[in-house]
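Q: File data_36.cif follows (mmCIF, C-alpha atoms):
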```cif
data_target
loop_
_atom_site.label_atom_id
_atom_site.label_comp_id
_atom_site.auth_asym_id
_atom_site.auth_seq_id
_atom_site.Cartn_x
_atom_site.Cartn_y
_atom_site.Cartn_z
CA MET G 233 29.30 -24.13 -15.85
CA GLU G 234 29.41 -22.74 -12.31
CA LEU G 235 31.33 -19.69 -13.54
CA VAL G 236 28.86 -18.99 -16.35
CA ARG G 237 25.96 -19.22 -13.91
CA MET G 238 27.60 -16.83 -11.47
CA ILE G 239 28.44 -14.32 -14.23
CA LEU G 240 24.84 -14.42 -15.48
CA ALA G 241 23.54 -13.85 -11.95
CA VAL G 242 25.88 -10.91 -11.34
CA ILE G 243 24.90 -9.30 -14.65
CA LEU G 244 21.19 -9.62 -13.83
CA ILE G 245 21.56 -8.27 -10.30
CA THR G 246 23.65 -5.33 -11.55
CA ALA G 247 21.00 -4.51 -14.14
CA GLY G 248 18.38 -4.59 -11.39
CA ILE G 249 20.39 -2.23 -9.20
CA ILE G 250 20.88 0.21 -12.11
CA MET G 251 17.12 0.15 -12.78
CA GLU G 252 16.42 0.85 -9.10
CA ILE G 253 18.77 3.85 -9.18
CA ILE G 254 16.94 5.20 -12.26
CA ALA G 255 13.63 4.69 -10.47
CA VAL G 256 14.78 6.61 -7.37
CA PHE G 257 16.16 9.40 -9.58
CA GLY G 258 12.84 9.71 -11.40
CA LEU G 259 10.94 9.62 -8.13
CA PHE G 260 12.80 12.71 -6.91
CA ARG G 261 12.97 14.48 -10.26
CA LEU G 262 9.37 14.32 -11.48
CA ASP G 263 6.75 16.56 -9.94
CA TYR G 264 3.30 14.99 -10.23
CA VAL G 265 1.82 11.76 -8.91
CA LEU G 266 1.25 9.94 -12.19
CA PRO G 267 4.74 10.49 -13.70
CA ARG G 268 6.22 9.60 -10.34
CA MET G 269 4.28 6.34 -10.27
CA HIS G 270 5.54 5.68 -13.78
CA ALA G 271 9.10 6.11 -12.52
CA ALA G 272 8.57 3.99 -9.43
CA ALA G 273 7.07 1.20 -11.54
CA ILE G 274 10.51 0.56 -13.05
CA GLY G 275 11.79 -0.29 -9.60
CA ASP G 276 8.69 -2.28 -8.67
CA THR G 277 8.66 -4.53 -11.70
CA GLY G 278 11.87 -4.42 -13.74
CA ALA G 279 14.41 -4.08 -10.95
CA LEU G 280 12.63 -6.58 -8.73
CA GLY G 281 12.32 -9.10 -11.57
CA CYS G 282 16.00 -8.79 -12.51
CA VAL G 283 17.26 -9.11 -8.93
CA MET G 284 14.98 -12.07 -8.18
CA LEU G 285 15.96 -13.86 -11.40
CA GLY G 286 19.63 -13.27 -10.63
CA LEU G 287 19.25 -14.63 -7.09
CA MET G 288 17.33 -17.66 -8.38
CA ILE G 289 20.06 -18.44 -10.89
CA ALA G 290 22.70 -17.99 -8.21
CA SER G 291 20.98 -20.27 -5.69
CA GLY G 292 20.29 -23.11 -8.13
CA PHE G 293 17.34 -25.49 -8.15
CA ASN G 294 16.13 -25.94 -4.57
CA LEU G 295 13.47 -24.88 -2.06
CA PHE G 296 14.99 -21.42 -1.66
CA THR G 297 14.39 -20.76 -5.36
CA LEU G 298 10.72 -21.63 -4.93
CA LYS G 299 10.46 -19.12 -2.07
CA LEU G 300 12.09 -16.44 -4.21
CA LEU G 301 9.62 -17.21 -7.01
CA LEU G 302 6.73 -16.80 -4.57
CA ILE G 303 8.09 -13.44 -3.37
CA TRP G 304 8.40 -12.35 -7.01
CA VAL G 305 4.84 -13.34 -7.89
CA PHE G 306 3.29 -11.73 -4.81
CA LEU G 307 5.22 -8.47 -5.14
CA TRP G 308 4.38 -8.16 -8.81
CA MET G 309 0.69 -8.69 -8.10
CA GLY G 310 0.67 -6.34 -5.14
CA SER G 311 2.57 -3.40 -6.63
CA SER G 312 0.85 -3.39 -10.01
CA VAL G 313 -2.64 -3.61 -8.53
CA THR G 314 -1.79 -0.91 -5.98
CA SER G 315 -0.68 1.49 -8.71
CA HIS G 316 -3.83 0.69 -10.70
CA VAL G 317 -6.08 1.55 -7.74
CA LEU G 318 -4.07 4.67 -6.93
CA SER G 319 -4.18 6.03 -10.47
CA ARG G 320 -7.90 5.31 -10.70
CA MET G 321 -8.38 7.27 -7.48
CA ILE G 322 -6.50 10.24 -8.94
CA VAL G 323 -8.52 10.17 -12.16
CA THR G 324 -11.83 10.23 -10.23
CA ALA G 325 -10.82 12.60 -7.46
CA GLU G 326 -8.73 15.39 -8.96
CA LYS G 327 -9.37 15.55 -12.67
CA GLU G 328 -8.67 19.28 -13.13
CA GLU G 329 -5.37 19.11 -11.33
CA MET G 330 -4.40 16.12 -13.44
CA GLU G 331 -5.15 18.01 -16.65
CA GLU G 332 -2.91 20.84 -15.51
CA HIS G 333 0.08 18.57 -15.08
CA THR G 334 -0.29 15.98 -17.80
CA GLU G 335 -1.73 15.60 -21.25
CA VAL G 336 -5.05 13.77 -21.04
CA VAL G 337 -6.29 11.74 -23.99
CA ASP G 338 -9.96 10.79 -23.91
CA VAL G 339 -10.49 7.05 -23.91
CA GLU G 340 -13.64 5.17 -22.95
CA VAL G 341 -13.01 4.43 -19.29
CA ASP G 342 -16.53 3.66 -18.11
CA LYS G 343 -16.08 -0.05 -18.78
CA LEU G 344 -13.25 -0.36 -16.26
CA MET X 25 -18.10 15.10 25.06
CA SER X 26 -18.03 18.37 26.91
CA ARG X 27 -20.26 21.29 26.14
CA ILE X 28 -19.15 24.89 26.33
CA ASN X 29 -20.83 26.79 29.15
CA GLU X 30 -22.89 29.86 28.45
CA ASN X 31 -20.55 32.02 30.51
CA PHE X 32 -17.50 30.29 29.11
CA ASP X 33 -15.52 33.54 28.85
CA SER X 34 -15.70 34.30 32.56
CA SER X 35 -14.84 30.76 33.70
CA VAL X 36 -11.32 29.71 34.71
CA TRP X 37 -10.91 27.43 31.72
CA GLY X 38 -12.01 30.24 29.42
CA LYS X 39 -9.35 32.50 30.89
CA ILE X 40 -6.70 29.82 30.40
CA ASP X 41 -7.93 29.25 26.86
CA ARG X 42 -7.72 32.93 26.08
CA PHE X 43 -4.26 33.10 27.64
CA VAL X 44 -3.04 30.19 25.51
CA ASN X 45 -4.56 31.37 22.26
CA GLY X 46 -3.84 35.02 22.85
CA THR X 47 -6.59 37.55 23.52
CA GLU X 48 -8.83 36.61 20.70
CA PRO X 49 -10.66 39.57 19.13
CA GLU X 50 -14.21 39.08 17.90
CA THR X 51 -14.19 36.85 14.87
CA LYS X 52 -16.04 37.51 11.65
CA GLU X 53 -19.02 35.36 12.57
CA THR X 54 -19.56 36.92 15.97
CA ALA X 55 -19.32 40.37 14.37
CA ASN X 56 -22.00 39.42 11.87
CA GLU X 57 -24.17 38.12 14.68
CA GLU X 58 -23.80 41.44 16.43
CA ILE X 59 -25.07 43.27 13.37
CA VAL X 60 -28.02 40.92 13.22
CA ARG X 61 -28.76 41.49 16.87
CA SER X 62 -28.46 45.26 16.63
CA ARG X 63 -31.04 45.24 13.85
CA GLY X 64 -33.36 43.22 16.05
CA LYS X 65 -33.45 40.23 13.75
CA ALA X 66 -32.65 36.80 14.99
CA SER X 67 -32.92 34.91 11.76
CA PHE X 68 -31.46 35.38 8.33
CA VAL X 69 -34.17 35.39 5.67
CA GLY X 70 -32.80 36.00 2.17
CA ILE X 71 -31.42 38.51 -0.30
CA GLU X 72 -34.85 39.33 -1.79
CA ASP X 73 -35.81 41.21 1.33
CA THR X 74 -35.13 44.93 0.96
CA GLU X 75 -34.02 45.30 4.55
CA ASN X 76 -31.60 42.46 4.10
CA LEU X 77 -30.03 44.19 1.11
CA GLU X 78 -28.79 46.91 3.44
CA PHE X 79 -27.72 44.26 5.85
CA HIS X 80 -25.69 42.68 3.08
CA ASP X 81 -24.09 46.00 2.27
CA GLU X 82 -23.02 46.34 5.85
CA LEU X 83 -21.59 42.85 5.79
CA ALA X 84 -19.69 43.56 2.57
CA LEU X 85 -18.23 46.74 4.07
CA ARG X 86 -16.98 44.84 7.09
CA GLN X 87 -15.56 42.16 4.84
CA LYS X 88 -13.71 44.79 2.79
CA GLU X 89 -12.21 46.40 5.87
CA GLU X 90 -11.01 43.05 7.10
CA ASP X 91 -9.52 42.20 3.74
CA GLU X 92 -7.60 45.46 3.67
CA LYS X 93 -6.27 44.78 7.14
CA ALA X 94 -5.13 41.32 6.09
CA ILE X 95 -3.40 42.70 2.97
CA ALA X 96 -1.57 45.28 5.07
CA LYS X 97 -0.41 42.54 7.44
CA LEU X 98 0.85 40.45 4.51
CA ARG X 99 2.80 43.42 3.11
CA GLU X 100 4.39 44.01 6.47
CA ALA X 101 5.44 40.35 6.66
CA GLU X 102 6.86 40.59 3.13
CA ASN X 103 8.92 43.63 4.07
CA ARG X 104 10.22 41.79 7.09
CA SER X 105 11.16 38.71 5.06
CA THR X 106 13.12 40.70 2.48
CA GLY X 107 14.96 42.72 5.11
CA ARG X 108 18.73 42.56 5.41
CA PHE X 109 18.74 41.05 8.88
CA TYR X 110 16.32 38.35 7.82
CA LYS X 111 18.51 37.33 4.88
CA LEU X 112 21.58 37.19 7.09
CA TRP X 113 19.77 35.14 9.69
CA ASN X 114 18.59 32.72 7.00
CA ARG X 115 22.12 32.18 5.72
CA ALA X 116 23.51 31.77 9.24
CA TYR X 117 20.76 29.28 10.04
CA ASN X 118 21.68 27.10 7.06
CA VAL X 119 25.38 27.13 7.97
CA LEU X 120 24.60 26.35 11.62
CA ALA X 121 22.31 23.47 10.66
CA VAL X 122 24.99 21.85 8.50
CA LEU X 123 27.57 22.36 11.27
CA ALA X 124 25.30 20.80 13.90
CA ALA X 125 24.63 17.79 11.67
CA LEU X 126 28.35 17.32 11.04
CA VAL X 127 29.17 17.51 14.77
CA ILE X 128 26.50 14.92 15.62
CA MET X 129 27.74 12.62 12.84
CA ALA X 130 31.34 12.88 14.07
CA LEU X 131 30.23 12.13 17.64
CA LEU X 132 28.29 9.06 16.56
CA VAL X 133 31.15 7.71 14.45
CA ALA X 134 33.56 8.27 17.35
CA THR X 135 31.21 6.37 19.67
CA VAL X 136 31.03 3.45 17.25
CA SER X 137 34.82 3.16 17.23
CA TYR X 138 34.77 2.62 21.01
CA MET X 139 32.35 -0.29 20.79
CA PRO X 140 33.65 -3.89 21.05
CA ARG X 141 34.04 -5.84 17.84
CA PHE X 142 31.00 -7.67 16.54
CA GLY X 143 30.78 -11.34 17.44
CA GLU X 144 33.59 -11.63 20.01
CA ALA X 145 33.16 -14.20 22.72
CA ASP X 146 33.83 -11.88 25.68
CA ASN X 147 31.45 -9.12 24.60
CA PRO X 148 29.07 -7.83 27.27
CA VAL X 149 26.13 -9.12 25.18
CA ASN X 150 27.13 -12.73 25.77
CA ASN X 151 26.31 -12.86 29.46
CA GLU X 152 24.58 -15.40 31.64
CA VAL X 153 21.05 -14.24 30.71
CA ALA X 154 21.30 -15.26 27.06
CA ALA X 155 23.08 -18.46 28.04
CA ARG X 156 20.27 -19.35 30.43
CA TYR X 157 17.60 -18.66 27.80
CA ILE X 158 19.35 -20.97 25.34
CA GLU X 159 20.18 -23.74 27.85
CA HIS X 160 17.04 -23.90 29.99
CA GLY X 161 14.49 -22.17 27.74
CA MET X 162 13.15 -25.42 26.35
CA GLN X 163 12.79 -26.99 29.81
CA GLU X 164 11.28 -23.97 31.50
CA THR X 165 8.90 -22.62 28.85
CA GLY X 166 8.42 -25.68 26.65
CA THR X 167 8.87 -23.85 23.37
CA VAL X 168 11.26 -24.85 20.61
CA ASN X 169 11.38 -21.23 19.43
CA VAL X 170 13.34 -19.48 22.17
CA VAL X 171 12.12 -16.02 21.14
CA THR X 172 8.46 -16.91 21.66
CA GLY X 173 9.29 -18.48 24.99
CA MET X 174 11.08 -15.33 26.06
CA ILE X 175 8.30 -13.00 24.92
CA LEU X 176 5.34 -14.97 26.29
CA ASN X 177 6.88 -16.52 29.40
CA TYR X 178 9.97 -14.80 30.80
CA ARG X 179 8.65 -11.41 29.76
CA GLY X 180 4.98 -12.27 30.06
CA PHE X 181 4.02 -9.10 31.91
CA ASP X 182 5.55 -6.95 29.21
CA THR X 183 3.63 -8.69 26.44
CA MET X 184 0.41 -8.56 28.44
CA GLY X 185 0.87 -4.80 28.78
CA GLU X 186 1.45 -4.50 25.04
CA THR X 187 -1.76 -6.36 24.30
CA HIS X 188 -3.61 -4.06 26.66
CA VAL X 189 -2.07 -1.09 24.87
CA LEU X 190 -3.52 -2.42 21.60
CA PHE X 191 -6.94 -2.79 23.23
CA ILE X 192 -6.84 0.73 24.69
CA ALA X 193 -5.66 2.20 21.37
CA ALA X 194 -8.56 0.61 19.49
CA THR X 195 -11.00 1.80 22.18
CA THR X 196 -9.66 5.35 22.00
CA VAL X 197 -9.94 5.47 18.23
CA MET X 198 -13.51 4.23 18.63
CA ILE X 199 -14.27 7.04 21.10
CA LEU X 200 -12.83 9.61 18.72
CA LEU X 201 -14.13 8.40 15.36
CA PHE X 202 -17.24 6.30 15.99
CA ILE X 203 -20.21 7.88 14.24
CA THR X 204 -23.50 6.89 15.85
CA LYS X 205 -25.88 9.46 14.36
CA LYS X 206 -26.59 9.09 10.67
CA SER X 207 -27.65 12.74 10.53
CA VAL X 208 -24.11 13.81 11.34
CA LEU X 209 -22.90 12.36 8.08
CA GLY X 210 -23.09 15.38 5.85
CA LYS X 211 -22.62 16.03 2.19
CA GLU X 212 -18.87 15.84 2.44
CA TYR X 213 -19.04 12.32 3.83
CA LYS X 214 -21.16 11.17 0.89
CA GLN X 215 -18.82 12.83 -1.60
CA ASP X 216 -15.88 11.13 0.03
CA ARG X 217 -17.58 7.76 -0.43
CA ALA X 218 -18.17 8.51 -4.11
CA PHE X 219 -14.46 8.61 -4.83
CA GLU X 220 -13.83 5.09 -3.58
CA PRO X 221 -13.08 2.49 -6.22
CA LYS X 222 -16.19 0.33 -6.06
CA ASN X 223 -16.29 -3.08 -7.72
CA ASP X 224 -12.89 -2.68 -9.28
CA ALA X 225 -12.56 -5.80 -11.45
CA ILE X 226 -8.77 -6.04 -11.31
CA LEU X 227 -8.62 -5.56 -7.55
CA GLN X 228 -11.38 -8.13 -7.00
CA LYS X 229 -9.72 -10.77 -9.17
CA VAL X 230 -6.42 -10.32 -7.38
CA ALA X 231 -8.13 -10.31 -3.98
CA THR X 232 -9.94 -13.59 -4.69
CA PHE X 233 -6.53 -15.15 -5.25
CA LEU X 234 -4.58 -13.37 -2.50
CA VAL X 235 -6.97 -13.27 0.48
CA PRO X 236 -7.18 -17.06 1.06
CA VAL X 237 -3.40 -17.37 0.72
CA ILE X 238 -2.84 -14.53 3.18
CA ALA X 239 -5.36 -15.96 5.67
CA VAL X 240 -3.81 -19.44 5.55
CA PHE X 241 -0.33 -18.00 5.95
CA GLY X 242 -1.43 -15.88 8.91
CA ILE X 243 -3.02 -18.89 10.63
CA TYR X 244 0.13 -20.92 9.95
CA VAL X 245 2.33 -18.24 11.50
CA VAL X 246 0.10 -18.04 14.60
CA LEU X 247 -0.17 -21.82 15.09
CA ASN X 248 3.55 -22.42 14.56
CA GLY X 249 4.74 -19.56 16.76
CA HIS X 250 6.18 -21.94 19.36
CA LEU X 251 7.94 -24.16 16.80
CA SER X 252 9.26 -21.81 14.14
CA PRO X 253 9.80 -18.05 13.76
CA GLY X 254 6.51 -16.21 14.07
CA GLY X 255 3.92 -15.85 16.78
CA GLY X 256 0.82 -13.98 17.74
CA PHE X 257 1.84 -10.46 16.80
CA SER X 258 3.20 -11.18 13.32
CA GLY X 259 0.48 -13.72 12.45
CA GLY X 260 -2.24 -11.38 13.68
CA ALA X 261 -0.83 -8.56 11.57
CA ILE X 262 -0.89 -10.81 8.48
CA MET X 263 -4.50 -11.84 9.13
CA GLY X 264 -5.53 -8.22 9.70
CA ALA X 265 -3.90 -7.21 6.42
CA GLY X 266 -5.85 -9.96 4.62
CA LEU X 267 -9.10 -8.66 6.15
CA ILE X 268 -8.27 -5.11 5.06
CA LEU X 269 -7.57 -6.29 1.51
CA TYR X 270 -10.92 -8.12 1.45
CA VAL X 271 -12.77 -5.02 2.63
CA SER X 272 -11.14 -2.69 0.12
CA ALA X 273 -11.89 -5.09 -2.72
CA PHE X 274 -15.44 -6.21 -1.91
CA GLY X 275 -16.83 -3.50 0.36
CA PHE X 276 -18.27 -3.53 3.85
CA LYS X 277 -21.55 -5.22 2.98
CA LYS X 278 -19.91 -8.54 2.20
CA THR X 279 -17.49 -8.28 5.10
CA GLU X 280 -20.28 -7.69 7.59
CA LYS X 281 -21.64 -11.16 6.80
CA PHE X 282 -18.75 -12.75 8.65
CA PHE X 283 -17.12 -9.93 10.63
CA ASN X 284 -19.34 -7.24 12.13
CA GLU X 285 -19.27 -5.13 15.25
CA HIS X 286 -20.82 -7.81 17.47
CA ILE X 287 -18.26 -10.43 16.47
CA TYR X 288 -15.50 -7.87 16.84
CA VAL X 289 -16.49 -7.02 20.41
CA VAL X 290 -16.93 -10.67 21.44
CA ALA X 291 -13.65 -11.81 19.86
CA LYS X 292 -11.58 -8.94 21.22
CA VAL X 293 -12.83 -8.96 24.79
CA SER X 294 -12.88 -12.73 25.16
CA ALA X 295 -9.39 -13.05 23.66
CA LEU X 296 -8.03 -10.52 26.14
CA CYS X 297 -9.78 -12.22 29.09
CA CYS X 298 -8.56 -15.70 28.10
CA TYR X 299 -5.04 -14.38 27.62
CA VAL X 300 -4.97 -12.86 31.08
CA CYS X 301 -6.38 -16.09 32.58
CA CYS X 302 -3.71 -18.24 30.87
CA LEU X 303 -0.92 -15.92 31.91
CA SER X 304 -2.06 -15.63 35.52
CA TYR X 305 -2.27 -19.44 35.68
CA TYR X 306 1.33 -19.50 34.49
CA PHE X 307 2.43 -16.99 37.10
CA TYR X 308 0.51 -18.71 39.89
CA MET X 309 1.67 -22.27 39.21
CA GLY X 310 5.20 -21.49 38.04
CA ALA X 311 6.26 -22.10 34.50
CA ASN X 312 7.54 -25.67 34.62
CA GLY X 313 6.07 -26.80 37.91
CA PHE X 314 2.53 -27.65 36.81
CA ASP X 315 1.00 -30.62 35.18
CA ASN X 316 -0.91 -29.46 32.11
CA HIS X 317 -1.00 -32.70 30.12
CA ILE X 318 0.57 -30.91 27.19
CA PRO X 319 4.08 -32.18 26.38
CA LEU X 320 7.16 -30.08 25.90
CA GLY X 321 7.68 -28.61 22.49
CA THR X 322 8.51 -31.10 19.77
CA PRO X 323 9.16 -29.85 16.24
CA GLY X 324 6.25 -30.67 13.96
CA ALA X 325 3.64 -31.25 16.69
CA ILE X 326 1.31 -28.28 16.93
CA ILE X 327 -0.25 -29.26 20.25
CA SER X 328 2.82 -29.13 22.43
CA SER X 329 4.80 -26.73 24.61
CA GLY X 330 2.21 -25.92 27.25
CA LEU X 331 -0.05 -22.92 27.11
CA ILE X 332 2.15 -20.93 24.73
CA LEU X 333 0.10 -22.03 21.70
CA PHE X 334 -3.15 -20.76 23.22
CA ILE X 335 -1.60 -17.48 24.30
CA ASP X 336 -0.34 -17.07 20.73
CA ILE X 337 -3.84 -17.62 19.35
CA PHE X 338 -5.36 -15.04 21.72
CA VAL X 339 -2.68 -12.45 20.91
CA GLY X 340 -3.19 -13.08 17.17
CA THR X 341 -6.95 -12.53 17.47
CA GLU X 342 -6.36 -9.32 19.38
CA VAL X 343 -3.90 -7.93 16.84
CA ALA X 344 -6.02 -8.86 13.80
CA CYS X 345 -9.12 -7.26 15.34
CA THR X 346 -7.20 -4.09 16.20
CA MET X 347 -5.81 -3.68 12.69
CA TYR X 348 -9.17 -4.20 11.06
CA ALA X 349 -10.86 -1.85 13.52
CA PHE X 350 -8.36 0.93 12.83
CA TYR X 351 -8.93 0.62 9.09
CA ALA X 352 -12.71 0.47 9.31
CA LEU X 353 -12.97 3.35 11.79
CA PHE X 354 -10.72 5.65 9.83
CA ARG X 355 -12.50 4.84 6.60
CA ARG X 356 -16.16 5.09 7.55
CA GLY X 357 -16.51 5.66 11.29
CA GLU X 358 -18.01 2.25 12.00
CA ILE X 359 -16.80 -1.30 12.35
#
```
Starting from the file, give its structure as structure tokens.

A:
Amino acid sequence: MELVRMILAVILITAGIIMEIIAVFGLFRLDYVLPRMHAAAIGDTGALGCVMLGLMIASGFNLFTLKLLLIWVFLWMGSSVTSHVLSRMIVTAEKEEMEEHTEVVDVEVDKL
Amino acid sequence: MSRINENFDSSVWGKIDRFVNGTEPETKETANEEIVRSRGKASFVGIEDTENLEFHDELALRQKEEDEKAIAKLREAENRSTGRFYKLWNRAYNVLAVLAALVIMALLVATVSYMPRFGEADNPVNNEVAARYIEHGMQETGTVNVVTGMILNYRGFDTMGETHVLFIAATTVMILLFITKKSVLGKEYKQDRAFEPKNDAILQKVATFLVPVIAVFGIYVVLNGHLSPGGGFSGGAIMGAGLILYVSAFGFKKTEKFFNEHIYVVAKVSALCCYVCCLSYYFYMGANGFDNHIPLGTPGAIISSGLILFIDIFVGTEVACTMYAFYALFRRGEI
């Protein structure tokens, strides 16, 4: 049982690290803000979730797990809302520049 | 705010200014002014005026000449940058930069190999100072958390100076960025405001959940600075971050209901004064030689360990106010 738990944790943490590497690669490779945010989001959500889940499985059921869960929840809230606000800023502030770099599909955004 | 004298060019400072910036030839604007003056007209009326049409022609001519000059300069620079010497220099620079980086890396690694091993008992780090902090820290400062005792008691002067640095930094930013006249706020300022995300539903929902949690956590860190890791600086930073999140989600109008300029000034100045009073009392009476009716630090009891708790609260107020003031001043020029 202990061995299975450890193997599961190692697999999850490794997956998280691989995702983080992909995120960093995309961050350096892409050239505009919105694609870059898309790349960084992999690290913010997927990699963080995998690493936290792996650590929680490795530590077992105790107070430390609860703290890890809290870190997970707060970081997910913070990073996703930050990218939402940032992308909204870009859409309002530099629309022409955005259309140069990316394909823009018209959707009703006035209800945001 | 200093004004430029009328005979600024002939003054000493003007000479120094010209020396630093190079002998500045007449700029475009002054040249245009000269044309206006030579035609005996002080004010600029409009293009419809026939006289002004000529005036515009003259301006356009000058503009063209200047443009040609600039293009010639650019071409010259281009020639220089594609020259053989320039290319060689560029390549040599790259090689030299890599070499310098490698040498510095090798030096640093060599230095690390001379350092004593980590965690040995007879390292120079483990001297009598650290031993004294650990053995007598509780008796002398009253705090369970040795780090807080060290920062606020043994090194009290240092921390007091840091708090004053925060105060002076906030004051300086106020001097530089505080906008008192509404007429100064031009069109650009209004445009800048238009781009802000106002009443963002997602941000507001998240802020309603996060801000109370952040505030409670900040207060906990400040109040438990003498018992557990934490203290005034970290707790104040957390509280300031919560305030900033509240402002960016709900705007300044709602924030001003509980935190405006008046409250900011009162809180900041009184916190600094009380801090200095507490600390000078400490220095005057001696840390463990006075009777303050507050027991030595006991884990779990908030009111313990002397005046450290109150000093922590004052430092936390100072730091939170400074962080919020920086944000507000940089964003809109007011608190």

Q: Looking at G:Leu262, G:Leu287, G:Met269, G:Leu301, which one is nearest to Ile245 in chain G, with distances taken over all atoms listed in the file?

A: G:Leu287

Q: I'd like to know which of X:Arg356, X:Lys39, X:His250, X:Lys229 is closest to chain G, using all atoms listed in the file.

A: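 Closest to chain G, using all atoms listed in the file: X:Lys229.
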
Q: Of the candidates G:Thr334, G:Ser311, G:Gly292, G:Arg320, which shows the shortest atom-to-atom distance to Glu234 in chain G, using all atoms listed in the file?

A: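 That would be G:Gly292, the residue with the smallest distance to Glu234 in chain G.
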
Q: Residues picked by the PyMOL selection byres ((chain G) within 12 of (chain X)) here, as a VMD selection string?

A: chain G and resid 302 305 to 327 342 to 344

Q: Since I can't run it myself right now, could you work out what the PyMOL selection byres ((chain X and resi 167) around 7) selects here and report it as a PyMOL selection string?

A: chain X and resi 162+165-166+168-170+173+250-251+320-321+329

Q: To one decimal place in Å, what is the distance between CA of Trp113 in chain X and CA of Glu100 in chain X?

A: 18.0 Å

Q: To one decimal in Å, tell me the separation between CA of His286 in chain X and CA of Ile243 in chain X.

A: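 These atoms are spaced 22.1 Å apart.
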
Q: Check which residues satisfy the PyMOL selection byres ((chain G and resi 285) around 10) in the file shown, then give them as a ChimeraX atom specification.

A: /G:240-241,244-245,248,279-284,286-291,297,300-301,304

Q: Deliver the residues from the most recent selection as a file, using C-alpha atoms, as an mmCIF file, in the frame of the given file.

A:
```
data_model
loop_
_atom_site.group_PDB
_atom_site.id
_atom_site.type_symbol
_atom_site.label_atom_id
_atom_site.label_comp_id
_atom_site.auth_asym_id
_atom_site.auth_seq_id
_atom_site.Cartn_x
_atom_site.Cartn_y
_atom_site.Cartn_z
ATOM 1 C CA LEU G 240 24.840 -14.420 -15.480
ATOM 2 C CA ALA G 241 23.540 -13.850 -11.950
ATOM 3 C CA LEU G 244 21.190 -9.620 -13.830
ATOM 4 C CA ILE G 245 21.560 -8.270 -10.300
ATOM 5 C CA GLY G 248 18.380 -4.590 -11.390
ATOM 6 C CA ALA G 279 14.410 -4.080 -10.950
ATOM 7 C CA LEU G 280 12.630 -6.580 -8.730
ATOM 8 C CA GLY G 281 12.320 -9.100 -11.570
ATOM 9 C CA CYS G 282 16.000 -8.790 -12.510
ATOM 10 C CA VAL G 283 17.260 -9.110 -8.930
ATOM 11 C CA MET G 284 14.980 -12.070 -8.180
ATOM 12 C CA GLY G 286 19.630 -13.270 -10.630
ATOM 13 C CA LEU G 287 19.250 -14.630 -7.090
ATOM 14 C CA MET G 288 17.330 -17.660 -8.380
ATOM 15 C CA ILE G 289 20.060 -18.440 -10.890
ATOM 16 C CA ALA G 290 22.700 -17.990 -8.210
ATOM 17 C CA SER G 291 20.980 -20.270 -5.690
ATOM 18 C CA THR G 297 14.390 -20.760 -5.360
ATOM 19 C CA LEU G 300 12.090 -16.440 -4.210
ATOM 20 C CA LEU G 301 9.620 -17.210 -7.010
ATOM 21 C CA TRP G 304 8.400 -12.350 -7.010
#
```

Q: Interatomic distance between CA of Ile303 in chain G and CA of Ile238 in chain X?

A: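 Rounded to one decimal, the two atoms are 12.8 Å apart.
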
Q: Measuring between all atoms listed in the file, which one of X:Val235, X:Leu247, X:Leu126, X:Val133 shows the shortest distance to Ile332 in chain X?

A: X:Leu247

Q: Closest to Glu332 in chain G among G:Ile274, G:Tyr264, G:Ile239, G:Ile249, using all atoms listed in the file?

A: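 Among G:Ile274, G:Tyr264, G:Ile239, G:Ile249, it is G:Tyr264 that comes nearest to Glu332 in chain G.
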
Q: Set the distance at 12 Å and use only C-alpha atoms: which residues neighbour Thr204 in chain X once local chain neighbours fewer than 6 positions away are removed? I'd like the list as a list in words.

A: Met198, Leu353, Arg356, Gly357, Glu358 and Ile359 of chain X

Q: Measuring atom to atom with only C-alpha atoms, identify which of X:Ile287, X:Cys301, X:Leu83, X:Val36 is nearest to Phe338 in chain X.

A: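 For Phe338 in chain X, the nearest of the given residues is X:Cys301.
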
Q: Quick one: residues within 12 Å of Thr183 in chain X, all atoms listed in the file counted, chain neighbours fewer than 4 positions away excluded, as a compact mmCIF listing (two decimals) with C-alpha atoms, in the coordinates of the input?

A:
```
# COMPACT_ATOMS: atom_id res chain seq x y z
CA THR X 172 8.46 -16.91 21.66
CA GLY X 173 9.29 -18.48 24.99
CA MET X 174 11.08 -15.33 26.06
CA ILE X 175 8.30 -13.00 24.92
CA LEU X 176 5.34 -14.97 26.29
CA ASN X 177 6.88 -16.52 29.40
CA TYR X 178 9.97 -14.80 30.80
CA ARG X 179 8.65 -11.41 29.76
CA THR X 187 -1.76 -6.36 24.30
CA HIS X 188 -3.61 -4.06 26.66
CA VAL X 189 -2.07 -1.09 24.87
CA LEU X 190 -3.52 -2.42 21.60
CA GLY X 256 0.82 -13.98 17.74
CA PHE X 257 1.84 -10.46 16.80
CA LEU X 296 -8.03 -10.52 26.14
CA TYR X 299 -5.04 -14.38 27.62
CA VAL X 300 -4.97 -12.86 31.08
CA LEU X 303 -0.92 -15.92 31.91
CA ILE X 335 -1.60 -17.48 24.30
CA ASP X 336 -0.34 -17.07 20.73
CA PHE X 338 -5.36 -15.04 21.72
CA VAL X 339 -2.68 -12.45 20.91
```
